[in-house]
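J.: Next comes structure15.cif, mmCIF, C-alpha atoms; chains and numbers go by the auth columns:
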```cif
data_structure
loop_
_atom_site.group_PDB
_atom_site.id
_atom_site.type_symbol
_atom_site.label_atom_id
_atom_site.label_comp_id
_atom_site.label_asym_id
_atom_site.label_seq_id
_atom_site.Cartn_x
_atom_site.Cartn_y
_atom_site.Cartn_z
_atom_site.B_iso_or_equiv
_atom_site.auth_seq_id
_atom_site.auth_asym_id
ATOM 1 C CA MET A 1 17.475 12.155 15.804 0.00 1 X
ATOM 2 C CA LEU A 2 14.266 10.400 16.751 0.00 2 X
ATOM 3 C CA GLU A 3 16.243 7.620 18.458 0.00 3 X
ATOM 4 C CA ASN A 4 13.445 6.896 20.939 0.00 4 X
ATOM 5 C CA SER A 5 10.602 7.065 18.431 0.00 5 X
ATOM 6 C CA ILE A 6 8.210 4.247 17.646 0.00 6 X
ATOM 7 C CA TRP A 7 9.750 4.137 14.185 0.00 7 X
ATOM 8 C CA ARG A 8 13.241 3.438 15.526 0.00 8 X
ATOM 9 C CA GLN A 9 11.977 0.635 17.769 0.00 9 X
ATOM 10 C CA TYR A 10 11.304 -1.437 14.662 0.00 10 X
ATOM 11 C CA ASN A 11 13.490 0.128 11.954 0.00 11 X
ATOM 12 C CA GLN A 12 17.265 0.527 12.034 0.00 12 X
ATOM 13 C CA GLU A 13 17.278 3.676 9.905 0.00 13 X
ATOM 14 C CA ASN A 14 15.231 6.860 9.871 0.00 14 X
ATOM 15 C CA ASN A 15 13.893 6.061 6.406 0.00 15 X
ATOM 16 C CA PHE A 16 10.279 7.005 7.136 0.00 16 X
ATOM 17 C CA ARG A 17 10.685 9.982 4.769 0.00 17 X
ATOM 18 C CA GLU A 18 11.122 7.617 1.819 0.00 18 X
ATOM 19 C CA LYS A 19 8.168 5.477 2.925 0.00 19 X
ATOM 20 C CA LEU A 20 5.949 8.552 3.260 0.00 20 X
ATOM 21 C CA SER A 21 7.042 9.737 -0.146 0.00 21 X
ATOM 22 C CA LEU A 22 6.032 6.437 -1.729 0.00 22 X
ATOM 23 C CA LEU A 23 2.757 6.049 0.151 0.00 23 X
ATOM 24 C CA CYS A 24 1.568 9.612 -0.384 0.00 24 X
ATOM 25 C CA SER A 25 2.845 9.880 -3.971 0.00 25 X
ATOM 26 C CA ILE A 26 4.817 12.999 -3.077 0.00 26 X
ATOM 27 C CA SER A 27 8.457 13.475 -4.010 0.00 27 X
ATOM 28 C CA ALA A 28 10.822 13.438 -1.030 0.00 28 X
ATOM 29 C CA HIS A 29 11.874 16.962 -2.035 0.00 29 X
ATOM 30 C CA ASP A 30 8.323 18.250 -1.495 0.00 30 X
ATOM 31 C CA LEU A 31 8.014 16.825 2.019 0.00 31 X
ATOM 32 C CA LEU A 32 8.729 18.950 5.085 0.00 32 X
ATOM 33 C CA ASP A 33 12.485 19.516 5.395 0.00 33 X
ATOM 34 C CA ASP A 34 12.926 18.775 9.093 0.00 34 X
ATOM 35 C CA ASP A 35 12.625 15.080 10.003 0.00 35 X
ATOM 36 C CA LYS A 36 11.516 15.946 13.517 0.00 36 X
ATOM 37 C CA GLU A 37 8.727 18.184 12.211 0.00 37 X
ATOM 38 C CA LEU A 38 7.721 15.594 9.615 0.00 38 X
ATOM 39 C CA TYR A 39 7.576 12.865 12.263 0.00 39 X
ATOM 40 C CA GLY A 40 5.525 15.211 14.468 0.00 40 X
ATOM 41 C CA VAL A 41 2.946 15.577 11.697 0.00 41 X
ATOM 42 C CA LEU A 42 2.937 11.796 11.288 0.00 42 X
ATOM 43 C CA LYS A 43 2.248 11.414 15.012 0.00 43 X
ATOM 44 C CA ALA A 44 -0.503 14.034 14.871 0.00 44 X
ATOM 45 C CA LYS A 45 -2.316 12.464 11.904 0.00 45 X
ATOM 46 C CA PHE A 46 -2.202 8.834 13.077 0.00 46 X
ATOM 47 C CA THR A 47 -3.110 7.100 16.304 0.00 47 X
ATOM 48 C CA LYS A 48 -0.360 5.383 18.295 0.00 48 X
ATOM 49 C CA LYS A 49 -1.696 2.036 17.133 0.00 49 X
ATOM 50 C CA GLU A 50 -1.661 3.119 13.479 0.00 50 X
ATOM 51 C CA LEU A 51 1.827 4.563 13.813 0.00 51 X
ATOM 52 C CA LYS A 52 3.092 1.373 15.432 0.00 52 X
ATOM 53 C CA LEU A 53 1.446 -0.740 12.712 0.00 53 X
ATOM 54 C CA PHE A 54 3.073 1.456 10.054 0.00 54 X
ATOM 55 C CA ALA A 55 6.500 1.138 11.692 0.00 55 X
ATOM 56 C CA MET A 56 6.217 -2.617 12.171 0.00 56 X
ATOM 57 C CA ASP A 57 4.839 -3.266 8.681 0.00 57 X
ATOM 58 C CA SER A 58 7.556 -1.069 7.145 0.00 58 X
ATOM 59 C CA ALA A 59 10.139 -3.165 9.000 0.00 59 X
ATOM 60 C CA ASN A 60 8.752 -6.190 7.132 0.00 60 X
ATOM 61 C CA MET A 61 7.620 -7.939 10.278 0.00 61 X
ATOM 62 C CA SER A 62 5.532 -11.022 9.684 0.00 62 X
ATOM 63 C CA ASP A 63 1.757 -10.874 9.806 0.00 63 X
ATOM 64 C CA ASP A 64 1.876 -13.348 12.693 0.00 64 X
ATOM 65 C CA ALA A 65 4.003 -10.912 14.704 0.00 65 X
ATOM 66 C CA LEU A 66 1.604 -8.088 13.887 0.00 66 X
ATOM 67 C CA LYS A 67 -1.438 -10.155 14.821 0.00 67 X
ATOM 68 C CA SER A 68 0.212 -11.149 18.084 0.00 68 X
ATOM 69 C CA GLU A 69 1.242 -7.582 18.945 0.00 69 X
ATOM 70 C CA PHE A 70 -2.193 -6.098 18.289 0.00 70 X
ATOM 71 C CA SER A 71 -4.300 -9.156 19.221 0.00 71 X
ATOM 72 C CA LEU A 72 -5.962 -9.251 15.812 0.00 72 X
ATOM 73 C CA THR A 73 -7.333 -11.948 13.553 0.00 73 X
ATOM 74 C CA ASP A 74 -6.297 -12.246 9.907 0.00 74 X
ATOM 75 C CA GLU A 75 -9.350 -10.302 8.783 0.00 75 X
ATOM 76 C CA GLU A 76 -8.921 -7.587 11.416 0.00 76 X
ATOM 77 C CA LEU A 77 -5.256 -7.133 10.478 0.00 77 X
ATOM 78 C CA SER A 78 -6.150 -6.860 6.821 0.00 78 X
ATOM 79 C CA LYS A 79 -8.774 -4.212 7.604 0.00 79 X
ATOM 80 C CA ALA A 80 -6.369 -2.306 9.877 0.00 80 X
ATOM 81 C CA LYS A 81 -3.704 -2.221 7.147 0.00 81 X
ATOM 82 C CA PHE A 82 -6.260 -1.164 4.546 0.00 82 X
ATOM 83 C CA LYS A 83 -7.509 1.654 6.768 0.00 83 X
ATOM 84 C CA LEU A 84 -3.957 2.773 7.575 0.00 84 X
ATOM 85 C CA TYR A 85 -2.737 2.918 3.991 0.00 85 X
ATOM 86 C CA LYS A 86 -5.990 4.490 2.818 0.00 86 X
ATOM 87 C CA LYS A 87 -5.346 7.301 5.278 0.00 87 X
ATOM 88 C CA PHE A 88 -1.999 8.008 3.590 0.00 88 X
ATOM 89 C CA LYS A 89 -3.807 8.545 0.282 0.00 89 X
ATOM 90 C CA GLN A 90 -6.199 11.192 1.644 0.00 90 X
ATOM 91 C CA ASP A 91 -5.573 14.745 0.479 0.00 91 X
ATOM 92 C CA LYS A 92 -5.730 16.209 3.982 0.00 92 X
ATOM 93 C CA THR A 93 -2.996 13.816 5.098 0.00 93 X
ATOM 94 C CA LYS A 94 -0.842 14.454 2.033 0.00 94 X
ATOM 95 C CA LEU A 95 -1.119 18.224 2.460 0.00 95 X
ATOM 96 C CA ALA A 96 0.020 18.003 6.071 0.00 96 X
ATOM 97 C CA PHE A 97 3.289 16.377 4.962 0.00 97 X
ATOM 98 C CA LYS A 98 3.991 18.813 2.119 0.00 98 X
ATOM 99 C CA ARG A 99 6.394 21.672 2.449 0.00 99 X
ATOM 100 C CA VAL A 100 4.805 25.083 1.895 0.00 100 X
ATOM 101 C CA SER A 101 6.803 27.240 -0.510 0.00 101 X
ATOM 102 C CA ALA A 102 7.347 30.958 -0.023 0.00 102 X
ATOM 103 C CA ASN A 103 4.803 31.757 -2.750 0.00 103 X
ATOM 104 C CA GLU A 104 2.142 29.628 -1.085 0.00 104 X
ATOM 105 C CA LYS A 105 2.759 31.307 2.309 0.00 105 X
ATOM 106 C CA GLU A 106 1.940 34.689 0.770 0.00 106 X
ATOM 107 C CA ASP A 107 -1.503 33.383 -0.227 0.00 107 X
ATOM 108 C CA PHE A 108 -2.419 32.803 3.425 0.00 108 X
#
```
Can you dump the structure from the file as structure tokens?
T.:
Amino acid sequence: MLENSIWRQYNQENNFREKLSLLCSISAHDLLDDDKELYGVLKAKFTKKELKLFAMDSANMSDDALKSEFSLTDEELSKAKFKLYKKFKQDKTKLAFKRVSANEKEDF
């Protein structure tokens, strides 16, 4: 699944669920069940550039490789990473990744 995704271009495994869990401070159990749906939300909430930066940074690529890929200076890369990871901490982003329980669906 997701073999042709941006994530898989830089990461050997589909471990983005674990990364999202850590970054958003949400247990993996509380994330959306379907990886394809979860990745779709990730694509909807982040720009292609942000998603690519997330995938490359999660693959532990060097900062030099990141700067080269995105044509950024040290300061610009630092700001881009800060902005990206700050976005993961926002409530509206966290809520998009969370699974909605049956009880919560009834409230809507």
J.: Once the PyMOL selection byres ((chain X and resi 22-35) around 6) has been applied to the shown file, what residues remain in the selection, as a PyMOL selection string?
T.: chain X and resi 19-21+36-39+88-89+94+97-99
J.: Name the residues that the PyMOL selection byres ((chain X and resi 47-61) around 10) picks from the file above, as an mmCIF file with C-alpha atoms, in the frame of the given file, using the file's chain letters and numbers.
T.:
```cif
data_model
loop_
_atom_site.group_PDB
_atom_site.id
_atom_site.type_symbol
_atom_site.label_atom_id
_atom_site.label_comp_id
_atom_site.auth_asym_id
_atom_site.auth_seq_id
_atom_site.Cartn_x
_atom_site.Cartn_y
_atom_site.Cartn_z
ATOM 1 C CA SER X 5 10.602 7.065 18.431
ATOM 2 C CA ILE X 6 8.210 4.247 17.646
ATOM 3 C CA TRP X 7 9.750 4.137 14.185
ATOM 4 C CA ARG X 8 13.241 3.438 15.526
ATOM 5 C CA GLN X 9 11.977 0.635 17.769
ATOM 6 C CA TYR X 10 11.304 -1.437 14.662
ATOM 7 C CA ASN X 11 13.490 0.128 11.954
ATOM 8 C CA GLN X 12 17.265 0.527 12.034
ATOM 9 C CA GLU X 13 17.278 3.676 9.905
ATOM 10 C CA ASN X 15 13.893 6.061 6.406
ATOM 11 C CA PHE X 16 10.279 7.005 7.136
ATOM 12 C CA LYS X 19 8.168 5.477 2.925
ATOM 13 C CA LEU X 42 2.937 11.796 11.288
ATOM 14 C CA LYS X 43 2.248 11.414 15.012
ATOM 15 C CA ALA X 44 -0.503 14.034 14.871
ATOM 16 C CA LYS X 45 -2.316 12.464 11.904
ATOM 17 C CA PHE X 46 -2.202 8.834 13.077
ATOM 18 C CA SER X 62 5.532 -11.022 9.684
ATOM 19 C CA ASP X 63 1.757 -10.874 9.806
ATOM 20 C CA ASP X 64 1.876 -13.348 12.693
ATOM 21 C CA ALA X 65 4.003 -10.912 14.704
ATOM 22 C CA LEU X 66 1.604 -8.088 13.887
ATOM 23 C CA GLU X 69 1.242 -7.582 18.945
ATOM 24 C CA PHE X 70 -2.193 -6.098 18.289
ATOM 25 C CA LEU X 77 -5.256 -7.133 10.478
ATOM 26 C CA ALA X 80 -6.369 -2.306 9.877
ATOM 27 C CA LYS X 81 -3.704 -2.221 7.147
ATOM 28 C CA LYS X 83 -7.509 1.654 6.768
ATOM 29 C CA LEU X 84 -3.957 2.773 7.575
ATOM 30 C CA TYR X 85 -2.737 2.918 3.991
ATOM 31 C CA LYS X 87 -5.346 7.301 5.278
#
```
J.: Box in all listed atoms of range 50-58 of chain X, axis-aligned, with 5 Å more on each side; write out centre and edge lengths in Å to one decimal as lines of an AutoDock Vina configuration file.
T.:
```
center_x = 2.9
center_y = 0.6
center_z = 11.3
size_x = 19.2
size_y = 17.8
size_z = 18.3
```
J.: Between CA of Glu3 in chain X and CA of Val41 in chain X, measure the distance and give it in Å to one decimal.
T.: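 Distance reported for this atom pair: 16.9 Å.
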J.: Between CA of Arg17 in chain X and CA of Leu72 in chain X, measure the distance and give it in Å to one decimal.
T.: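 Pair CA of Arg17 in chain X / CA of Leu72 in chain X returns 27.7 Å.
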J.: Could you please determine the separation between CA of Lys79 in chain X and CA of Asp91 in chain X in Å, to one decimal place?
T.: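 We find that CA of Lys79 in chain X and CA of Asp91 in chain X lie 20.5 Å from each other.
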